[in-house]
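Asks: My structure file protein_32.pdb, PDB, C-alpha atoms and all ligand atoms, is below:
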ATOM      1  CA  MET J  23     213.020  39.971  77.318  1.00  0.00           C
ATOM      2  CA  ASN J  24     213.073  38.293  73.953  1.00  0.00           C
ATOM      3  CA  LYS J  25     215.633  35.664  72.997  1.00  0.00           C
ATOM      4  CA  GLU J  26     217.411  37.881  70.482  1.00  0.00           C
ATOM      5  CA  SER J  27     218.526  40.244  73.214  1.00  0.00           C
ATOM      6  CA  GLU J  28     219.977  37.534  75.469  1.00  0.00           C
ATOM      7  CA  HIS J  29     223.458  37.767  74.106  1.00  0.00           C
ATOM      8  CA  CYS J  30     226.836  38.394  75.690  1.00  0.00           C
ATOM      9  CA  GLU J  31     226.839  42.125  75.045  1.00  0.00           C
ATOM     10  CA  LYS J  32     223.919  42.528  77.467  1.00  0.00           C
ATOM     11  CA  CYS J  33     225.051  39.913  79.997  1.00  0.00           C
ATOM     12  CA  LEU J  34     226.232  40.493  83.540  1.00  0.00           C
ATOM     13  CA  TYR J  35     229.254  38.243  82.956  1.00  0.00           C
ATOM     14  CA  TRP J  36     230.616  39.875  79.816  1.00  0.00           C
ATOM     15  CA  LYS J  37     233.391  42.432  79.603  1.00  0.00           C
ATOM     16  CA  PRO J  38     234.317  43.773  76.166  1.00  0.00           C
ATOM     17  CA  ASP J  39     237.897  43.744  74.971  1.00  0.00           C
ATOM     18  CA  ASP J  40     239.612  47.085  74.992  1.00  0.00           C
ATOM     19  CA  ARG J  41     241.725  46.159  71.990  1.00  0.00           C
ATOM     20  CA  LYS J  42     240.859  48.009  68.816  1.00  0.00           C
ATOM     21  CA  ALA J  43     241.714  44.927  66.736  1.00  0.00           C
ATOM     22  CA  THR J  44     238.831  42.915  68.205  1.00  0.00           C
ATOM     23  CA  PRO J  45     236.068  45.396  69.016  1.00  0.00           C
ATOM     24  CA  HIS J  46     233.307  42.759  68.865  1.00  0.00           C
ATOM     25  CA  MET J  47     234.907  40.292  71.267  1.00  0.00           C
ATOM     26  CA  GLY J  48     234.992  40.072  75.041  1.00  0.00           C
ATOM     27  CA  SER J  49     235.495  37.897  78.088  1.00  0.00           C
ATOM     28  CA  CYS J  50     232.936  35.895  80.045  1.00  0.00           C
ATOM     29  CA  SER J  51     233.404  35.504  83.795  1.00  0.00           C
ATOM     30  CA  SER J  52     230.684  32.889  84.309  1.00  0.00           C
ATOM     31  CA  GLU J  53     231.809  29.961  86.460  1.00  0.00           C
ATOM     32  CA  LYS J  54     230.137  27.667  83.910  1.00  0.00           C
ATOM     33  CA  TRP J  55     233.184  27.958  81.662  1.00  0.00           C
ATOM     34  CA  GLU J  56     235.996  26.070  83.341  1.00  0.00           C
ATOM     35  CA  GLU J  57     239.504  25.273  82.221  1.00  0.00           C
ATOM     36  CA  GLY J  58     240.201  21.590  82.688  1.00  0.00           C
ATOM     37  CA  ASP J  59     236.970  20.713  84.524  1.00  0.00           C
ATOM     38  CA  ASP J  60     235.431  17.690  82.845  1.00  0.00           C
ATOM     39  CA  ASP J  61     232.367  17.420  85.074  1.00  0.00           C
ATOM     40  CA  ILE J  62     230.131  20.414  84.423  1.00  0.00           C
ATOM     41  CA  PRO J  63     226.966  19.097  82.762  1.00  0.00           C
ATOM     42  CA  ASP J  64     225.556  22.563  82.157  1.00  0.00           C
ATOM     43  CA  GLY J  65     228.847  24.211  81.314  1.00  0.00           C
ATOM     44  CA  VAL J  66     231.811  24.303  78.979  1.00  0.00           C
ATOM     45  CA  SER J  67     235.176  22.718  79.626  1.00  0.00           C
ATOM     46  CA  TYR J  68     238.190  23.938  77.709  1.00  0.00           C
ATOM     47  CA  ALA J  69     241.830  22.963  77.796  1.00  0.00           C
ATOM     48  CA  ASP J  70     245.279  23.702  76.478  1.00  0.00           C
ATOM     49  CA  TYR J  71     247.068  20.457  75.770  1.00  0.00           C
ATOM     50  CA  GLU J  72     250.475  22.097  75.978  1.00  0.00           C
ATOM     51  CA  GLY J  73     249.771  22.813  79.640  1.00  0.00           C
ATOM     52  CA  TYR J  74     250.432  26.515  79.419  1.00  0.00           C
ATOM     53  CA  MET J  75     247.299  28.629  79.555  1.00  0.00           C
ATOM     54  CA  ALA J  76     243.885  28.363  77.936  1.00  0.00           C
ATOM     55  CA  MET J  77     241.437  31.152  77.349  1.00  0.00           C
ATOM     56  CA  PHE J  78     238.413  31.939  75.256  1.00  0.00           C
ATOM     57  CA  LYS J  79     236.577  34.967  73.977  1.00  0.00           C
ATOM     58  CA  THR J  80     232.970  35.357  72.951  1.00  0.00           C
ATOM     59  CA  GLY J  81     231.455  37.599  70.339  1.00  0.00           C
ATOM     60  CA  GLN J  82     229.058  40.316  71.376  1.00  0.00           C
ATOM     61  CA  TYR J  83     226.109  38.524  69.725  1.00  0.00           C
ATOM     62  CA  PHE J  84     226.918  35.097  71.156  1.00  0.00           C
ATOM     63  CA  GLY J  85     224.719  33.874  74.009  1.00  0.00           C
ATOM     64  CA  CYS J  86     224.127  30.891  76.273  1.00  0.00           C
ATOM     65  CA  ILE J  87     221.706  29.443  78.830  1.00  0.00           C
ATOM     66  CA  HIS J  88     223.546  31.202  81.683  1.00  0.00           C
ATOM     67  CA  PHE J  89     222.753  34.689  80.446  1.00  0.00           C
ATOM     68  CA  GLU J  90     221.859  37.168  83.197  1.00  0.00           C
ATOM     69  CA  VAL J  91     220.910  40.683  82.347  1.00  0.00           C
ATOM     70  CA  LYS J  92     223.229  43.451  83.509  1.00  0.00           C
ATOM     71  CA  PRO J  93     221.750  45.437  86.400  1.00  0.00           C
TER
HETATM   72  S1  LIG J 101     225.625  34.890  77.678  1.00  0.00           S
HETATM   73 FE1  LIG J 101     226.754  33.118  78.451  1.00  0.00          FE
HETATM   74  S2  LIG J 101     228.711  33.155  77.362  1.00  0.00           S
HETATM   75 FE2  LIG J 101     227.785  35.195  77.142  1.00  0.00          FE
HETATM   76  S3  LIG J 101     228.665  36.408  78.825  1.00  0.00           S
HETATM   77 FE3  LIG J 101     226.710  35.542  79.522  1.00  0.00          FE
HETATM   78  S4  LIG J 101     227.214  33.662  80.584  1.00  0.00           S
HETATM   79 FE4  LIG J 101     228.973  34.248  79.309  1.00  0.00          FE
END
Before we go any further, please render this structure as structure tokens.

Replies:
Amino acid sequence: MNKESEHCEKCLYWKPDDRKATPHMGSCSSEKWEEGDDDIPDGVSYADYEGYMAMFKTGQYFGCIHFEVKP
């Protein structure tokens, strides 16, 4: 598989949004993206400083080192 194809759209962890307003965005379920975890050297930590709820979306052509091809 070449690097260009290792993007979220083809990844096991990605689920596209069903909203028509954001057809190129989706959610990643990889455990390497953690809300509030500051000790994940190969991951991403994100936070909401108001203490409510944090979330993120990725674009279909984004990609990362944790890509795994969909079965
Ligand atoms: S490529 Fe990375 S960010 Fe994209 S869905 Fe896969 S694990 Fe998540």

Asks: Could the centre and edge lengths of an axis-aligned box, enclosing all atoms of ligand LIG 101 (chain J) in the file with 4 Å extra on each side, be given in Å to one decimal as JSON?

Replies:
{"center_x": 227.3, "center_y": 34.8, "center_z": 78.9, "size_x": 11.3, "size_y": 11.3, "size_z": 11.4}

Asks: In Å, how far is it from atom FE2 of ligand LIG 101 (chain J) to atom CA of J:Pro93?

Replies: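 Taking atom FE2 of ligand LIG 101 (chain J) and atom CA of J:Pro93, their separation equals 15.1 Å.
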
Asks: On this structure, the PyMOL selection byres (((chain J and resi 84) around 6) and not hetatm) would catch which residues? List them as a list in words, sorted by chain and number.

Replies: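 Given this file, the PyMOL selection byres (((chain J and resi 84) around 6) and not hetatm) evaluates to His29, Cys30, Gly81, Gln82, Tyr83 and Gly85 of chain J.
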
Asks: Excluding same-chain residues fewer than 2 positions from stretch 32-45 of chain J, what lies within 10 Å of it counting all atoms listed in the file, as a list in words?

Replies: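 Selected residues are Ser27, Glu28, His29, Cys30, Met47, Gly48, Ser49, Cys50, Ser51, Ser52, Glu53, Lys79, Thr80, Gly81, Gln82, Tyr83, Gly85, Cys86, His88, Phe89, Glu90, Val91, Lys92 and Pro93 of chain J.
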
Asks: Considering all atoms listed in the file, return as an NGL selection string whatever protein or nucleic-acid residues lie within 10 Å of stretch 54-66 of chain J, sequence-local ones (same chain, fewer than 4 positions apart) excluded.

Replies: :J and (50 or 70-71 or 75-78 or 86-88)

Asks: Model the absent atoms of stretch 38-69 of chain J so that N, CA and C atoms are present, and write the result as a short mmCIF file (atom, residue, chain, number, x, y, z; two decimals), in the coordinates of the input.

Replies:
data_model
loop_
_atom_site.label_atom_id
_atom_site.label_comp_id
_atom_site.auth_asym_id
_atom_site.auth_seq_id
_atom_site.Cartn_x
_atom_site.Cartn_y
_atom_site.Cartn_z
N PRO J 38 233.76 43.64 77.51
CA PRO J 38 234.32 43.77 76.17
C PRO J 38 235.82 43.97 76.19
N ASP J 39 236.47 43.49 75.14
CA ASP J 39 237.90 43.74 74.97
C ASP J 39 238.13 45.24 74.82
N ASP J 40 239.29 45.68 75.24
CA ASP J 40 239.61 47.08 74.99
C ASP J 40 240.58 47.23 73.81
N ARG J 41 240.83 46.11 73.14
CA ARG J 41 241.72 46.16 71.99
C ARG J 41 240.97 46.58 70.74
N LYS J 42 241.53 47.51 70.03
CA LYS J 42 240.86 48.01 68.82
C LYS J 42 240.78 46.94 67.74
N ALA J 43 241.69 45.97 67.77
CA ALA J 43 241.71 44.93 66.74
C ALA J 43 240.52 43.98 66.83
N THR J 44 239.95 43.85 68.02
CA THR J 44 238.83 42.92 68.20
C THR J 44 237.67 43.62 68.93
N PRO J 45 237.09 44.60 68.32
CA PRO J 45 236.07 45.40 69.02
C PRO J 45 234.77 44.65 69.30
N HIS J 46 234.56 43.49 68.66
CA HIS J 46 233.31 42.76 68.86
C HIS J 46 233.47 41.57 69.79
N MET J 47 234.64 41.44 70.41
CA MET J 47 234.91 40.29 71.27
C MET J 47 235.06 40.73 72.72
N GLY J 48 234.86 39.76 73.63
CA GLY J 48 234.99 40.07 75.04
C GLY J 48 235.18 38.81 75.86
N SER J 49 235.25 39.00 77.16
CA SER J 49 235.50 37.90 78.09
C SER J 49 234.26 37.62 78.94
N CYS J 50 234.05 36.34 79.21
CA CYS J 50 232.94 35.90 80.04
C CYS J 50 233.50 35.42 81.38
N SER J 51 232.93 35.90 82.47
CA SER J 51 233.40 35.50 83.80
C SER J 51 232.50 34.48 84.46
N SER J 52 231.57 33.90 83.71
CA SER J 52 230.68 32.89 84.31
C SER J 52 231.49 31.67 84.77
N GLU J 53 231.13 31.16 85.93
CA GLU J 53 231.81 29.96 86.46
C GLU J 53 231.45 28.71 85.67
N LYS J 54 230.54 28.82 84.72
CA LYS J 54 230.14 27.67 83.91
C LYS J 54 231.11 27.38 82.78
N TRP J 55 232.11 28.20 82.62
CA TRP J 55 233.18 27.96 81.66
C TRP J 55 234.43 27.67 82.49
N GLU J 56 234.90 26.47 82.46
CA GLU J 56 236.00 26.07 83.34
C GLU J 56 237.15 25.43 82.58
N GLU J 57 238.33 25.90 82.81
CA GLU J 57 239.50 25.27 82.22
C GLU J 57 239.77 23.95 82.93
N GLY J 58 239.79 22.89 82.17
CA GLY J 58 240.20 21.59 82.69
C GLY J 58 239.19 20.87 83.55
N ASP J 59 237.97 21.40 83.72
CA ASP J 59 236.97 20.71 84.52
C ASP J 59 236.10 19.88 83.60
N ASP J 60 236.16 18.57 83.75
CA ASP J 60 235.43 17.69 82.84
C ASP J 60 234.10 17.22 83.41
N ASP J 61 233.61 17.87 84.45
CA ASP J 61 232.37 17.42 85.07
C ASP J 61 231.43 18.61 85.34
N ILE J 62 231.06 19.29 84.30
CA ILE J 62 230.13 20.41 84.42
C ILE J 62 229.03 20.23 83.37
N PRO J 63 227.98 19.47 83.74
CA PRO J 63 226.97 19.10 82.76
C PRO J 63 226.25 20.27 82.12
N ASP J 64 226.21 21.40 82.77
CA ASP J 64 225.56 22.56 82.16
C ASP J 64 226.57 23.65 81.80
N GLY J 65 227.82 23.22 81.61
CA GLY J 65 228.85 24.21 81.31
C GLY J 65 229.72 23.83 80.14
N VAL J 66 230.84 24.53 80.04
CA VAL J 66 231.81 24.30 78.98
C VAL J 66 233.16 24.05 79.63
N SER J 67 233.82 23.00 79.17
CA SER J 67 235.18 22.72 79.63
C SER J 67 236.13 22.99 78.47
N TYR J 68 237.21 23.67 78.76
CA TYR J 68 238.19 23.94 77.71
C TYR J 68 239.58 23.65 78.26
N ALA J 69 240.51 23.38 77.35
CA ALA J 69 241.83 22.96 77.80
C ALA J 69 242.91 23.39 76.81
#
